[in-house]
>>> print(open('structure03.cif').read())   # mmCIF, N, CA and C atoms and all ligand atoms; chains and numbers go by the auth columns
data_start
#
loop_
_atom_site.group_PDB
_atom_site.id
_atom_site.type_symbol
_atom_site.label_atom_id
_atom_site.label_comp_id
_atom_site.label_asym_id
_atom_site.label_seq_id
_atom_site.Cartn_x
_atom_site.Cartn_y
_atom_site.Cartn_z
_atom_site.B_iso_or_equiv
_atom_site.auth_seq_id
_atom_site.auth_asym_id
ATOM 1 N N MET A 1 1.102 -126.228 -47.033 0.00 666 A
ATOM 2 C CA MET A 1 -0.074 -125.711 -47.738 0.00 666 A
ATOM 3 C C MET A 1 -1.334 -126.208 -47.051 0.00 666 A
ATOM 4 N N GLY A 2 -2.313 -125.355 -46.916 0.00 667 A
ATOM 5 C CA GLY A 2 -3.514 -125.699 -46.183 0.00 667 A
ATOM 6 C C GLY A 2 -4.504 -126.514 -46.980 0.00 667 A
ATOM 7 N N LEU A 3 -5.452 -127.023 -46.270 0.00 668 A
ATOM 8 C CA LEU A 3 -6.485 -127.829 -46.902 0.00 668 A
ATOM 9 C C LEU A 3 -7.360 -126.993 -47.830 0.00 668 A
ATOM 10 N N LEU A 4 -7.673 -125.770 -47.394 0.00 669 A
ATOM 11 C CA LEU A 4 -8.585 -124.936 -48.164 0.00 669 A
ATOM 12 C C LEU A 4 -7.864 -123.808 -48.885 0.00 669 A
ATOM 13 N N SER A 5 -6.591 -123.625 -48.599 0.00 670 A
ATOM 14 C CA SER A 5 -5.846 -122.508 -49.170 0.00 670 A
ATOM 15 C C SER A 5 -5.169 -122.900 -50.470 0.00 670 A
ATOM 16 N N LYS A 6 -5.242 -122.005 -51.447 0.00 671 A
ATOM 17 C CA LYS A 6 -4.577 -122.231 -52.726 0.00 671 A
ATOM 18 C C LYS A 6 -3.410 -121.283 -52.903 0.00 671 A
ATOM 19 N N LYS A 7 -3.260 -120.327 -51.964 0.00 672 A
ATOM 20 C CA LYS A 7 -2.215 -119.332 -52.062 0.00 672 A
ATOM 21 C C LYS A 7 -1.026 -119.746 -51.199 0.00 672 A
ATOM 22 N N PRO A 8 0.194 -119.528 -51.707 0.00 673 A
ATOM 23 C CA PRO A 8 1.373 -119.847 -50.897 0.00 673 A
ATOM 24 C C PRO A 8 1.636 -118.819 -49.808 0.00 673 A
ATOM 25 N N LYS A 9 0.935 -117.674 -49.863 0.00 674 A
ATOM 26 C CA LYS A 9 1.147 -116.598 -48.900 0.00 674 A
ATOM 27 C C LYS A 9 0.825 -117.062 -47.481 0.00 674 A
ATOM 28 N N ARG A 10 1.678 -116.673 -46.532 0.00 675 A
ATOM 29 C CA ARG A 10 1.455 -117.033 -45.143 0.00 675 A
ATOM 30 C C ARG A 10 0.882 -115.848 -44.386 0.00 675 A
ATOM 31 N N GLY A 11 0.191 -116.152 -43.320 0.00 676 A
ATOM 32 C CA GLY A 11 -0.332 -115.119 -42.448 0.00 676 A
ATOM 33 C C GLY A 11 0.742 -114.650 -41.483 0.00 676 A
ATOM 34 N N GLU A 12 0.289 -113.940 -40.459 0.00 677 A
ATOM 35 C CA GLU A 12 1.220 -113.401 -39.473 0.00 677 A
ATOM 36 C C GLU A 12 0.877 -113.917 -38.090 0.00 677 A
ATOM 37 N N ILE A 13 1.864 -113.857 -37.214 0.00 678 A
ATOM 38 C CA ILE A 13 1.646 -114.245 -35.823 0.00 678 A
ATOM 39 C C ILE A 13 0.846 -113.132 -35.148 0.00 678 A
ATOM 40 N N VAL A 14 -0.205 -113.480 -34.432 0.00 679 A
ATOM 41 C CA VAL A 14 -1.072 -112.512 -33.764 0.00 679 A
ATOM 42 C C VAL A 14 -0.879 -112.650 -32.261 0.00 679 A
ATOM 43 N N THR A 15 -0.548 -111.540 -31.615 0.00 680 A
ATOM 44 C CA THR A 15 -0.354 -111.547 -30.169 0.00 680 A
ATOM 45 C C THR A 15 -1.505 -110.806 -29.502 0.00 680 A
ATOM 46 N N LEU A 16 -2.107 -111.445 -28.517 0.00 681 A
ATOM 47 C CA LEU A 16 -3.202 -110.864 -27.746 0.00 681 A
ATOM 48 C C LEU A 16 -2.725 -110.728 -26.312 0.00 681 A
ATOM 49 N N GLY A 17 -2.425 -109.503 -25.904 0.00 682 A
ATOM 50 C CA GLY A 17 -1.857 -109.315 -24.567 0.00 682 A
ATOM 51 C C GLY A 17 -0.504 -110.007 -24.503 0.00 682 A
ATOM 52 N N GLU A 18 -0.389 -110.996 -23.633 0.00 683 A
ATOM 53 C CA GLU A 18 0.874 -111.724 -23.477 0.00 683 A
ATOM 54 C C GLU A 18 0.881 -113.033 -24.252 0.00 683 A
ATOM 55 N N HIS A 19 -0.189 -113.340 -24.947 0.00 684 A
ATOM 56 C CA HIS A 19 -0.334 -114.661 -25.568 0.00 684 A
ATOM 57 C C HIS A 19 -0.333 -114.570 -27.087 0.00 684 A
ATOM 58 N N ASP A 20 0.358 -115.522 -27.714 0.00 685 A
ATOM 59 C CA ASP A 20 0.262 -115.664 -29.159 0.00 685 A
ATOM 60 C C ASP A 20 -0.982 -116.479 -29.465 0.00 685 A
ATOM 61 N N LEU A 21 -1.743 -116.021 -30.451 0.00 686 A
ATOM 62 C CA LEU A 21 -2.955 -116.737 -30.828 0.00 686 A
ATOM 63 C C LEU A 21 -2.601 -118.061 -31.498 0.00 686 A
ATOM 64 N N ALA A 22 -3.318 -119.124 -31.105 0.00 687 A
ATOM 65 C CA ALA A 22 -3.173 -120.435 -31.751 0.00 687 A
ATOM 66 C C ALA A 22 -4.556 -120.870 -32.208 0.00 687 A
ATOM 67 N N CYS A 23 -4.648 -121.394 -33.405 0.00 688 A
ATOM 68 C CA CYS A 23 -5.931 -121.826 -33.941 0.00 688 A
ATOM 69 C C CYS A 23 -6.555 -122.882 -33.037 0.00 688 A
ATOM 70 N N VAL A 24 -7.847 -122.730 -32.741 0.00 689 A
ATOM 71 C CA VAL A 24 -8.529 -123.684 -31.864 0.00 689 A
ATOM 72 C C VAL A 24 -8.767 -125.017 -32.577 0.00 689 A
ATOM 73 N N ILE A 25 -8.661 -125.033 -33.895 0.00 690 A
ATOM 74 C CA ILE A 25 -8.894 -126.272 -34.644 0.00 690 A
ATOM 75 C C ILE A 25 -7.589 -127.026 -34.895 0.00 690 A
ATOM 76 N N CYS A 26 -6.588 -126.339 -35.489 0.00 691 A
ATOM 77 C CA CYS A 26 -5.384 -127.046 -35.933 0.00 691 A
ATOM 78 C C CYS A 26 -4.116 -126.616 -35.202 0.00 691 A
ATOM 79 N N LYS A 27 -4.233 -125.654 -34.266 0.00 692 A
ATOM 80 C CA LYS A 27 -3.094 -125.161 -33.459 0.00 692 A
ATOM 81 C C LYS A 27 -2.068 -124.374 -34.262 0.00 692 A
ATOM 82 N N ASN A 28 -2.389 -124.007 -35.506 0.00 693 A
ATOM 83 C CA ASN A 28 -1.518 -123.169 -36.311 0.00 693 A
ATOM 84 C C ASN A 28 -1.354 -121.805 -35.640 0.00 693 A
ATOM 85 N N ASP A 29 -0.233 -121.120 -35.917 0.00 694 A
ATOM 86 C CA ASP A 29 0.006 -119.827 -35.266 0.00 694 A
ATOM 87 C C ASP A 29 0.092 -118.663 -36.243 0.00 694 A
ATOM 88 N N ARG A 30 -0.383 -118.861 -37.481 0.00 695 A
ATOM 89 C CA ARG A 30 -0.350 -117.759 -38.445 0.00 695 A
ATOM 90 C C ARG A 30 -1.744 -117.486 -38.998 0.00 695 A
ATOM 91 N N PHE A 31 -2.050 -116.181 -39.081 0.00 696 A
ATOM 92 C CA PHE A 31 -3.412 -115.754 -39.413 0.00 696 A
ATOM 93 C C PHE A 31 -3.399 -114.568 -40.368 0.00 696 A
ATOM 94 N N PHE A 32 -4.465 -114.468 -41.159 0.00 697 A
ATOM 95 C CA PHE A 32 -4.719 -113.274 -41.953 0.00 697 A
ATOM 96 C C PHE A 32 -5.720 -112.433 -41.171 0.00 697 A
ATOM 97 N N LYS A 33 -5.428 -111.137 -41.025 0.00 698 A
ATOM 98 C CA LYS A 33 -6.323 -110.248 -40.283 0.00 698 A
ATOM 99 C C LYS A 33 -7.345 -109.627 -41.223 0.00 698 A
ATOM 100 N N ARG A 34 -8.574 -109.574 -40.768 0.00 699 A
ATOM 101 C CA ARG A 34 -9.657 -108.935 -41.503 0.00 699 A
ATOM 102 C C ARG A 34 -10.496 -108.155 -40.494 0.00 699 A
ATOM 103 N N GLU A 35 -11.286 -107.222 -41.022 0.00 700 A
ATOM 104 C CA GLU A 35 -12.256 -106.547 -40.167 0.00 700 A
ATOM 105 C C GLU A 35 -13.632 -107.102 -40.482 0.00 700 A
ATOM 106 N N GLY A 36 -14.380 -107.481 -39.455 0.00 701 A
ATOM 107 C CA GLY A 36 -15.719 -108.030 -39.643 0.00 701 A
ATOM 108 C C GLY A 36 -16.762 -107.125 -39.050 0.00 701 A
ATOM 109 N N GLN A 37 -17.912 -107.057 -39.706 0.00 702 A
ATOM 110 C CA GLN A 37 -19.007 -106.213 -39.234 0.00 702 A
ATOM 111 C C GLN A 37 -19.907 -107.029 -38.314 0.00 702 A
ATOM 112 N N LEU A 38 -20.245 -106.467 -37.160 0.00 703 A
ATOM 113 C CA LEU A 38 -21.123 -107.139 -36.205 0.00 703 A
ATOM 114 C C LEU A 38 -22.523 -106.564 -36.355 0.00 703 A
ATOM 115 N N ASN A 39 -23.281 -107.117 -37.274 0.00 704 A
ATOM 116 C CA ASN A 39 -24.604 -106.582 -37.575 0.00 704 A
ATOM 117 C C ASN A 39 -25.631 -107.003 -36.535 0.00 704 A
ATOM 118 N N THR A 40 -26.464 -106.065 -36.155 0.00 705 A
ATOM 119 C CA THR A 40 -27.598 -106.375 -35.300 0.00 705 A
ATOM 120 C C THR A 40 -28.857 -106.278 -36.150 0.00 705 A
ATOM 121 N N ALA A 41 -29.867 -107.049 -35.792 0.00 706 A
ATOM 122 C CA ALA A 41 -31.097 -107.063 -36.587 0.00 706 A
ATOM 123 C C ALA A 41 -31.751 -105.692 -36.632 0.00 706 A
ATOM 124 N N GLY A 42 -31.714 -104.979 -35.504 0.00 707 A
ATOM 125 C CA GLY A 42 -32.372 -103.676 -35.444 0.00 707 A
ATOM 126 C C GLY A 42 -31.742 -102.666 -36.386 0.00 707 A
ATOM 127 N N LEU A 43 -30.418 -102.533 -36.341 0.00 708 A
ATOM 128 C CA LEU A 43 -29.764 -101.552 -37.199 0.00 708 A
ATOM 129 C C LEU A 43 -29.801 -101.967 -38.660 0.00 708 A
ATOM 130 N N THR A 44 -29.755 -103.275 -38.938 0.00 709 A
ATOM 131 C CA THR A 44 -29.881 -103.739 -40.319 0.00 709 A
ATOM 132 C C THR A 44 -31.272 -103.423 -40.852 0.00 709 A
ATOM 133 N N PHE A 45 -32.306 -103.619 -40.028 0.00 710 A
ATOM 134 C CA PHE A 45 -33.679 -103.307 -40.428 0.00 710 A
ATOM 135 C C PHE A 45 -33.823 -101.839 -40.780 0.00 710 A
ATOM 136 N N LEU A 46 -33.121 -100.990 -40.047 0.00 711 A
ATOM 137 C CA LEU A 46 -33.183 -99.550 -40.283 0.00 711 A
ATOM 138 C C LEU A 46 -32.184 -99.089 -41.343 0.00 711 A
ATOM 139 N N ASP A 47 -31.512 -100.046 -41.997 0.00 712 A
ATOM 140 C CA ASP A 47 -30.522 -99.742 -43.035 0.00 712 A
ATOM 141 C C ASP A 47 -29.379 -98.893 -42.478 0.00 712 A
ATOM 142 N N LEU A 48 -28.989 -99.201 -41.241 0.00 713 A
ATOM 143 C CA LEU A 48 -27.904 -98.473 -40.580 0.00 713 A
ATOM 144 C C LEU A 48 -26.751 -99.411 -40.259 0.00 713 A
ATOM 145 N N ASP A 49 -26.428 -100.303 -41.189 0.00 714 A
ATOM 146 C CA ASP A 49 -25.357 -101.260 -40.934 0.00 714 A
ATOM 147 C C ASP A 49 -24.025 -100.577 -40.622 0.00 714 A
ATOM 148 N N TRP A 50 -23.811 -99.398 -41.187 0.00 715 A
ATOM 149 C CA TRP A 50 -22.559 -98.685 -40.955 0.00 715 A
ATOM 150 C C TRP A 50 -22.375 -98.338 -39.477 0.00 715 A
ATOM 151 N N ALA A 51 -23.487 -98.270 -38.720 0.00 716 A
ATOM 152 C CA ALA A 51 -23.412 -97.886 -37.310 0.00 716 A
ATOM 153 C C ALA A 51 -23.081 -99.063 -36.393 0.00 716 A
ATOM 154 N N ASN A 52 -23.075 -100.270 -36.937 0.00 717 A
ATOM 155 C CA ASN A 52 -22.755 -101.428 -36.113 0.00 717 A
ATOM 156 C C ASN A 52 -21.254 -101.481 -35.832 0.00 717 A
ATOM 157 N N ALA A 53 -20.916 -102.119 -34.713 0.00 718 A
ATOM 158 C CA ALA A 53 -19.515 -102.249 -34.331 0.00 718 A
ATOM 159 C C ALA A 53 -18.805 -103.223 -35.256 0.00 718 A
ATOM 160 N N SER A 54 -17.497 -103.079 -35.349 0.00 719 A
ATOM 161 C CA SER A 54 -16.717 -104.034 -36.122 0.00 719 A
ATOM 162 C C SER A 54 -15.810 -104.820 -35.178 0.00 719 A
ATOM 163 N N ALA A 55 -15.375 -105.978 -35.652 0.00 720 A
ATOM 164 C CA ALA A 55 -14.534 -106.858 -34.847 0.00 720 A
ATOM 165 C C ALA A 55 -13.293 -107.223 -35.645 0.00 720 A
ATOM 166 N N LEU A 56 -12.267 -107.617 -34.925 0.00 721 A
ATOM 167 C CA LEU A 56 -11.061 -108.127 -35.570 0.00 721 A
ATOM 168 C C LEU A 56 -11.276 -109.610 -35.864 0.00 721 A
ATOM 169 N N CYS A 57 -11.067 -109.997 -37.104 0.00 722 A
ATOM 170 C CA CYS A 57 -11.187 -111.399 -37.494 0.00 722 A
ATOM 171 C C CYS A 57 -9.797 -111.910 -37.865 0.00 722 A
ATOM 172 N N CYS A 58 -9.413 -112.993 -37.242 0.00 723 A
ATOM 173 C CA CYS A 58 -8.125 -113.627 -37.548 0.00 723 A
ATOM 174 C C CYS A 58 -8.432 -114.968 -38.209 0.00 723 A
ATOM 175 N N VAL A 59 -8.101 -115.056 -39.497 0.00 724 A
ATOM 176 C CA VAL A 59 -8.418 -116.252 -40.274 0.00 724 A
ATOM 177 C C VAL A 59 -7.189 -117.152 -40.316 0.00 724 A
ATOM 178 N N CYS A 60 -7.304 -118.352 -39.805 0.00 725 A
ATOM 179 C CA CYS A 60 -6.194 -119.307 -39.795 0.00 725 A
ATOM 180 C C CYS A 60 -5.743 -119.572 -41.233 0.00 725 A
ATOM 181 N N ASP A 61 -4.415 -119.461 -41.485 0.00 726 A
ATOM 182 C CA ASP A 61 -3.945 -119.643 -42.861 0.00 726 A
ATOM 183 C C ASP A 61 -3.775 -121.114 -43.249 0.00 726 A
ATOM 184 N N VAL A 62 -4.100 -122.021 -42.342 0.00 727 A
ATOM 185 C CA VAL A 62 -4.059 -123.452 -42.674 0.00 727 A
ATOM 186 C C VAL A 62 -5.471 -123.991 -42.897 0.00 727 A
ATOM 187 N N CYS A 63 -6.355 -123.816 -41.910 0.00 728 A
ATOM 188 C CA CYS A 63 -7.683 -124.433 -42.022 0.00 728 A
ATOM 189 C C CYS A 63 -8.792 -123.435 -42.343 0.00 728 A
ATOM 190 N N GLY A 64 -8.517 -122.129 -42.231 0.00 729 A
ATOM 191 C CA GLY A 64 -9.507 -121.124 -42.567 0.00 729 A
ATOM 192 C C GLY A 64 -10.485 -120.791 -41.462 0.00 729 A
ATOM 193 N N TYR A 65 -10.316 -121.376 -40.295 0.00 730 A
ATOM 194 C CA TYR A 65 -11.220 -121.063 -39.188 0.00 730 A
ATOM 195 C C TYR A 65 -11.087 -119.584 -38.823 0.00 730 A
ATOM 196 N N VAL A 66 -12.212 -118.919 -38.592 0.00 731 A
ATOM 197 C CA VAL A 66 -12.214 -117.487 -38.287 0.00 731 A
ATOM 198 C C VAL A 66 -12.382 -117.277 -36.784 0.00 731 A
ATOM 199 N N HIS A 67 -11.413 -116.594 -36.197 0.00 732 A
ATOM 200 C CA HIS A 67 -11.459 -116.243 -34.778 0.00 732 A
ATOM 201 C C HIS A 67 -11.894 -114.786 -34.692 0.00 732 A
ATOM 202 N N TRP A 68 -13.006 -114.523 -33.997 0.00 733 A
ATOM 203 C CA TRP A 68 -13.557 -113.164 -33.912 0.00 733 A
ATOM 204 C C TRP A 68 -13.196 -112.556 -32.570 0.00 733 A
ATOM 205 N N PHE A 69 -12.814 -111.260 -32.592 0.00 734 A
ATOM 206 C CA PHE A 69 -12.482 -110.557 -31.356 0.00 734 A
ATOM 207 C C PHE A 69 -13.212 -109.218 -31.322 0.00 734 A
ATOM 208 N N MET A 70 -13.976 -109.032 -30.261 0.00 735 A
ATOM 209 C CA MET A 70 -14.679 -107.764 -30.052 0.00 735 A
ATOM 210 C C MET A 70 -13.690 -106.727 -29.553 0.00 735 A
ATOM 211 N N PRO A 71 -13.872 -105.472 -29.939 0.00 736 A
ATOM 212 C CA PRO A 71 -13.027 -104.412 -29.355 0.00 736 A
ATOM 213 C C PRO A 71 -13.357 -104.246 -27.881 0.00 736 A
ATOM 214 N N ILE A 72 -12.325 -104.111 -27.049 0.00 737 A
ATOM 215 C CA ILE A 72 -12.552 -103.924 -25.609 0.00 737 A
ATOM 216 C C ILE A 72 -11.839 -102.692 -25.119 0.00 737 A
HETATM 217 ZN ZN ZN B . -6.473 -123.657 -38.155 0.00 801 B
#
>>> encode(input="structure03.cif", output="structure tokens", more="lines below")
Ligand SMILES: [Zn+2]
Amino acid sequence: MGLLSKKPKRGEIVTLGEHDLACVICKNDRFFKREGQLNTAGLTFLDLDWANASALCCVCDVCGYVHWFMPI
């Protein structure tokens, strides 16, 4: 059970190319996937947040550290 987690649910192993993702903080290998919005000041000012790019967020299921990945 994690320090910040209250749920017994585990995340999943995330593979990036040939590598399995490991948390940079605790070296855990299981993550919850989320989509994150990459807001820019200009588009937010124009109330066009929907036009900003989104990123893949992998949240470590032990420590909660969020790993962000831009689409390439
Ligand atoms: Zn971690």
>>> residues_near_ligand(input="structure03.cif", ligand="ligand ZN 801 (chain B)", cutoff="9 Å", atoms="only C-alpha atoms and all ligand atoms", output="PyMOL selection string")
chain A and resi 667+687-696+724-731
>>> resolve_selection(input="structure03.cif", expression="the PyMOL selection byres (((chain A and resi 702) around 7) and not hetatm)", output="list of chain:residue names")
A:Glu700, A:Gly701, A:Leu703, A:Asn704, A:Thr705, A:Asn717, A:Ala718, A:Ser719, A:Ala720
>>> select_by_dssp(input="structure03.cif", residues="chain A", states="strand (DSSP E or B)", output="PyMOL selection string")
chain A and resi 677+680-681+684-685+696-702+719-725+731-734
>>> write_last_selection(input="structure03.cif", atoms="N, CA and C atoms", output="short mmCIF file (atom, residue, chain, number, x, y, z; two decimals), in the coordinates of the input")
data_model
loop_
_atom_site.label_atom_id
_atom_site.label_comp_id
_atom_site.auth_asym_id
_atom_site.auth_seq_id
_atom_site.Cartn_x
_atom_site.Cartn_y
_atom_site.Cartn_z
N GLU A 677 0.29 -113.94 -40.46
CA GLU A 677 1.22 -113.40 -39.47
C GLU A 677 0.88 -113.92 -38.09
N THR A 680 -0.55 -111.54 -31.62
CA THR A 680 -0.35 -111.55 -30.17
C THR A 680 -1.50 -110.81 -29.50
N LEU A 681 -2.11 -111.44 -28.52
CA LEU A 681 -3.20 -110.86 -27.75
C LEU A 681 -2.72 -110.73 -26.31
N HIS A 684 -0.19 -113.34 -24.95
CA HIS A 684 -0.33 -114.66 -25.57
C HIS A 684 -0.33 -114.57 -27.09
N ASP A 685 0.36 -115.52 -27.71
CA ASP A 685 0.26 -115.66 -29.16
C ASP A 685 -0.98 -116.48 -29.46
N PHE A 696 -2.05 -116.18 -39.08
CA PHE A 696 -3.41 -115.75 -39.41
C PHE A 696 -3.40 -114.57 -40.37
N PHE A 697 -4.46 -114.47 -41.16
CA PHE A 697 -4.72 -113.27 -41.95
C PHE A 697 -5.72 -112.43 -41.17
N LYS A 698 -5.43 -111.14 -41.02
CA LYS A 698 -6.32 -110.25 -40.28
C LYS A 698 -7.34 -109.63 -41.22
N ARG A 699 -8.57 -109.57 -40.77
CA ARG A 699 -9.66 -108.94 -41.50
C ARG A 699 -10.50 -108.16 -40.49
N GLU A 700 -11.29 -107.22 -41.02
CA GLU A 700 -12.26 -106.55 -40.17
C GLU A 700 -13.63 -107.10 -40.48
N GLY A 701 -14.38 -107.48 -39.46
CA GLY A 701 -15.72 -108.03 -39.64
C GLY A 701 -16.76 -107.12 -39.05
N GLN A 702 -17.91 -107.06 -39.71
CA GLN A 702 -19.01 -106.21 -39.23
C GLN A 702 -19.91 -107.03 -38.31
N SER A 719 -17.50 -103.08 -35.35
CA SER A 719 -16.72 -104.03 -36.12
C SER A 719 -15.81 -104.82 -35.18
N ALA A 720 -15.38 -105.98 -35.65
CA ALA A 720 -14.53 -106.86 -34.85
C ALA A 720 -13.29 -107.22 -35.65
N LEU A 721 -12.27 -107.62 -34.92
CA LEU A 721 -11.06 -108.13 -35.57
C LEU A 721 -11.28 -109.61 -35.86
N CYS A 722 -11.07 -110.00 -37.10
CA CYS A 722 -11.19 -111.40 -37.49
C CYS A 722 -9.80 -111.91 -37.86
N CYS A 723 -9.41 -112.99 -37.24
CA CYS A 723 -8.12 -113.63 -37.55
C CYS A 723 -8.43 -114.97 -38.21
N VAL A 724 -8.10 -115.06 -39.50
CA VAL A 724 -8.42 -116.25 -40.27
C VAL A 724 -7.19 -117.15 -40.32
N CYS A 725 -7.30 -118.35 -39.80
CA CYS A 725 -6.19 -119.31 -39.80
C CYS A 725 -5.74 -119.57 -41.23
N VAL A 731 -12.21 -118.92 -38.59
CA VAL A 731 -12.21 -117.49 -38.29
C VAL A 731 -12.38 -117.28 -36.78
N HIS A 732 -11.41 -116.59 -36.20
CA HIS A 732 -11.46 -116.24 -34.78
C HIS A 732 -11.89 -114.79 -34.69
N TRP A 733 -13.01 -114.52 -34.00
CA TRP A 733 -13.56 -113.16 -33.91
C TRP A 733 -13.20 -112.56 -32.57
N PHE A 734 -12.81 -111.26 -32.59
CA PHE A 734 -12.48 -110.56 -31.36
C PHE A 734 -13.21 -109.22 -31.32
#
>>> atom_distance(input="structure03.cif", atom1="atom N of A:Cys723", atom2="atom CA of A:Phe710")
26.3 Å
>>> select_by_dssp(input="structure03.cif", residues="chain A", states="alpha helix (DSSP H)", output="PyMOL selection string")
chain A and resi 706-710
>>> axis_aligned_box(input="structure03.cif", around="stretch 689-708 of chain A", padding_each_side="8 Å", output="JSON")
{"center_x": -16.1, "center_y": -114.3, "center_z": -36.9, "size_x": 48.5, "size_y": 41.5, "size_z": 26.1}
>>> resolve_selection(input="structure03.cif", expression="the PyMOL selection byres (((chain A and resi 676) around 5) and not hetatm)", output="PyMOL selection string")
chain A and resi 674-675+677-678+695-697
>>> atom_distance(input="structure03.cif", atom1="atom C of A:Thr709", atom2="atom N of A:Leu721")
20.3 Å
